[in-house]
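> Dropping the structure in here first, questions after.
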There are 2 protein chains.
Amino acid sequence: MVAYDGTNYCGWQVQPNGNTIQAELTAALEQLLRHRVSLIGASRTDSGVHARGNVCVFDTTVRMPAEKMSYALNTYLPPDIRIQDSCEVPLTFHPRFCRTVKTYEYRILNRRFADPCQRLYSYFCYRPLNVEAMREAAGYLTGTHDFTSFCTHKPDVTDHVRTIMDFSILEEDGLITLRITGNGFLYNMVRIIAGTLIRVGIGDFEPSYVKEALEARDREMAGETARPEGLTLIRIEYPDGYGSPDPGSREAWGET
Amino acid sequence: MVAYDGTNYCGWQVQPNGNTIQAELTAALEQLLRHRVSLIGASRTDSGVHARGNVCVFDTTVRMPAEKMSYALNTYLPPDIRIQDSCEVPLTFHPRFCRTVKTYEYRILNRRFADPCQRLYSYFCYRPLNVEAMREAAGYLTGTHDFTSFCTHKPDVTDHVRTIMDFSILEEDGLITLRITGNGFLYNMVRIIAGTLIRVGIGDFEPSYVKEALEARDREMAGETARPEGLTLIRIEYPDGYGSPDPGSREAWGET
């Protein structure tokens, strides 16, 4: 399990231009293990998005106790990436193709002036947000729906039905936290939901408009993709354990 | 009132080498007001220390409503400095020589591995801290004492008696926050208190040792000066308002 501050990275996945979390982790692992490593991440977070608990997996023949790996690896990593836990998993485990339950938080700082010490980990909105209206709107998104209106189109992903199992909105000292738990998320789904709920909070959209937008299955109906710095991947759970992959999941993820 | 992320600054006060909060604010004010500005800060925070509510004052003849100044000034400031509030004060007001009550927080992240998204605003300690022992030690420091053991010597400051009016220690999700309110703080006082209480929390010092250290009036008896990133100046209150300066305060602050 790995936590990172995404501020200075071009997201998870290795890219030709720009530094990525996957590239940093792979380099640190190769220094530690002294062989080539192929690293698979559970969530390929976008540029600027943070994680408290992303999951990744790799193969090695090095005889180091798996639990010690986290301590050793952290000594090779920059301070904005920190392994939180390490353990051995079955060879059949694939962090994306096994059934997962993911929790994300989108943080909105809603006050008159920005707070410099929160600027990297929240989206700042000076217009007062109606949290009760946002909660009502969140209610329409909870459950199993076709989220076509709330994702950025990817040609290889055809099934847009996902389940939001829990959607709570907390408010403390002007910080509004959208906490969303679901069985898989489409591309940009949490950020589009956040962008839409911000419009509800401002009063641009009625809460019931979110139901209409959902039913229309039309990306144009939803709000903007909210900025990445507000988003943190909190945790990924594997309710079936680290066992055999779910045969249907590769297709749902658009991978073969 | 100004908030800032001190990470990338050499503290408050203008220096020949390195960027400072005072220099950034002065430059922004001079751009806005189009005349030279002499800026006086209430707390000259050290390199790397943060503020949620520092106070500063300047003179101007520009006829802009004082309340609008915050909005205008923020457009000239970098994102790690944000004015939170602006108002007109009597010409006799001096932010350091009027009687003040200041509140600081020192944050310690106490868990197995560091959290990248908290690394800039807390001190990371992986050794488990005994918060009850730290609370007992904090009790010995509360009240009016000679804090010679808990300050870095400054030849021009001879009176080391200060009053800690409130000292609470909060704990949530592995984050231990020392919250200290007092009527003035000596140089490095909060960081030396934090460094000493960390030693108590680890078990290197008994809580009652802090009483001995205090009574010894010897800097060697207290713990290390804790790292700056854990420290935030939360707020400065002026219980007598912005009226005439307290005649004794210049001497206490070592200023004339």
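Residues are named by chain letter and number: chains run A, B, ... in the order of the structure tokens, numbers start at 1 in each chain, and ligands are numbered from 1 in the order shown.
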Please, which residues in chain B fall within 6 Å of chain A when counting only C-alpha atoms, and what is the closest atom pair and distance in Å to one decimal for each, ordered by chain then residue number, as JSON lines?

{"residue": "B:Tyr4", "atom": "CA", "partner": "A:Pro116", "partner_atom": "CA", "distance": 5.4}
{"residue": "B:Asp5", "atom": "CA", "partner": "A:Cys117", "partner_atom": "CA", "distance": 5.2}
{"residue": "B:Asp80", "atom": "CA", "partner": "A:Pro116", "partner_atom": "CA", "distance": 4.6}
{"residue": "B:Ile81", "atom": "CA", "partner": "A:Pro116", "partner_atom": "CA", "distance": 6.0}
{"residue": "B:Gln84", "atom": "CA", "partner": "A:Phe113", "partner_atom": "CA", "distance": 5.9}
{"residue": "B:Phe113", "atom": "CA", "partner": "A:Gln84", "partner_atom": "CA", "distance": 5.9}
{"residue": "B:Pro116", "atom": "CA", "partner": "A:Asp80", "partner_atom": "CA", "distance": 4.6}
{"residue": "B:Cys117", "atom": "CA", "partner": "A:Asp5", "partner_atom": "CA", "distance": 5.2}
> Have a look at CA of Ala27 in chain A and CA of Glu88 in chain A and let me know their distance in Å, one decimal.
20.0 Å
> Run DSSP on the backbone and tell me which residues of range 34-208 of chain B come out as strand (DSSP E); list them as a ChimeraX atom specification.
/B:40-41,50-54,56-57,81-83,101-110,123-125,143-146,161-172,175-182
> Store the residues of this selection in a file with C-alpha atoms, as a PDB file, in the first residue's frame.

ATOM      1  CA  ILE B  40       5.689  45.815  10.706  1.00  0.00           C
ATOM      2  CA  GLY B  41       4.802  42.227  11.634  1.00  0.00           C
ATOM      3  CA  HIS B  50       3.622  28.527   9.032  1.00  0.00           C
ATOM      4  CA  ALA B  51       0.927  31.014  10.031  1.00  0.00           C
ATOM      5  CA  ARG B  52      -2.832  30.957   9.899  1.00  0.00           C
ATOM      6  CA  GLY B  53      -3.173  34.404  11.488  1.00  0.00           C
ATOM      7  CA  ASN B  54      -0.112  36.621  11.711  1.00  0.00           C
ATOM      8  CA  CYS B  56       1.015  43.205  10.220  1.00  0.00           C
ATOM      9  CA  VAL B  57       0.540  46.931   9.840  1.00  0.00           C
ATOM     10  CA  ILE B  81       0.571  33.785   1.105  1.00  0.00           C
ATOM     11  CA  ARG B  82      -3.031  34.927   1.578  1.00  0.00           C
ATOM     12  CA  ILE B  83      -4.411  37.957   3.410  1.00  0.00           C
ATOM     13  CA  VAL B 101      -2.296  36.818  23.413  1.00  0.00           C
ATOM     14  CA  LYS B 102      -0.858  34.358  20.894  1.00  0.00           C
ATOM     15  CA  THR B 103      -1.855  30.811  20.083  1.00  0.00           C
ATOM     16  CA  TYR B 104       0.539  28.357  18.425  1.00  0.00           C
ATOM     17  CA  GLU B 105       0.070  24.752  17.354  1.00  0.00           C
ATOM     18  CA  TYR B 106       2.835  22.211  17.088  1.00  0.00           C
ATOM     19  CA  ARG B 107       1.764  19.133  15.139  1.00  0.00           C
ATOM     20  CA  ILE B 108       3.381  15.720  15.486  1.00  0.00           C
ATOM     21  CA  LEU B 109       2.402  12.875  13.184  1.00  0.00           C
ATOM     22  CA  ASN B 110       2.884   9.742  15.257  1.00  0.00           C
ATOM     23  CA  TYR B 123       6.840  16.678  12.431  1.00  0.00           C
ATOM     24  CA  PHE B 124       6.939  12.940  11.809  1.00  0.00           C
ATOM     25  CA  CYS B 125       7.802  10.630  14.713  1.00  0.00           C
ATOM     26  CA  GLY B 143       1.111  29.320  34.288  1.00  0.00           C
ATOM     27  CA  THR B 144       3.685  32.072  34.874  1.00  0.00           C
ATOM     28  CA  HIS B 145       7.298  30.907  34.924  1.00  0.00           C
ATOM     29  CA  ASP B 146      10.825  31.923  34.065  1.00  0.00           C
ATOM     30  CA  VAL B 161       9.121  35.373  32.597  1.00  0.00           C
ATOM     31  CA  ARG B 162       6.109  34.522  30.444  1.00  0.00           C
ATOM     32  CA  THR B 163       2.621  33.137  31.084  1.00  0.00           C
ATOM     33  CA  ILE B 164       1.193  30.086  29.332  1.00  0.00           C
ATOM     34  CA  MET B 165      -2.534  30.583  29.765  1.00  0.00           C
ATOM     35  CA  ASP B 166      -3.641  27.385  28.085  1.00  0.00           C
ATOM     36  CA  PHE B 167      -1.819  24.250  26.962  1.00  0.00           C
ATOM     37  CA  SER B 168      -3.918  21.435  25.521  1.00  0.00           C
ATOM     38  CA  ILE B 169      -2.827  18.313  23.674  1.00  0.00           C
ATOM     39  CA  LEU B 170      -5.235  16.826  21.139  1.00  0.00           C
ATOM     40  CA  GLU B 171      -4.897  13.448  19.446  1.00  0.00           C
ATOM     41  CA  GLU B 172      -6.748  12.336  16.329  1.00  0.00           C
ATOM     42  CA  LEU B 175      -1.865  13.415  14.738  1.00  0.00           C
ATOM     43  CA  ILE B 176      -0.869  14.887  18.106  1.00  0.00           C
ATOM     44  CA  THR B 177      -1.417  18.648  18.306  1.00  0.00           C
ATOM     45  CA  LEU B 178       0.166  20.759  21.064  1.00  0.00           C
ATOM     46  CA  ARG B 179      -1.936  23.912  21.324  1.00  0.00           C
ATOM     47  CA  ILE B 180      -0.318  26.649  23.415  1.00  0.00           C
ATOM     48  CA  THR B 181      -1.781  30.061  24.245  1.00  0.00           C
ATOM     49  CA  GLY B 182       0.303  32.671  26.051  1.00  0.00           C
TER      50      GLY B 182
END
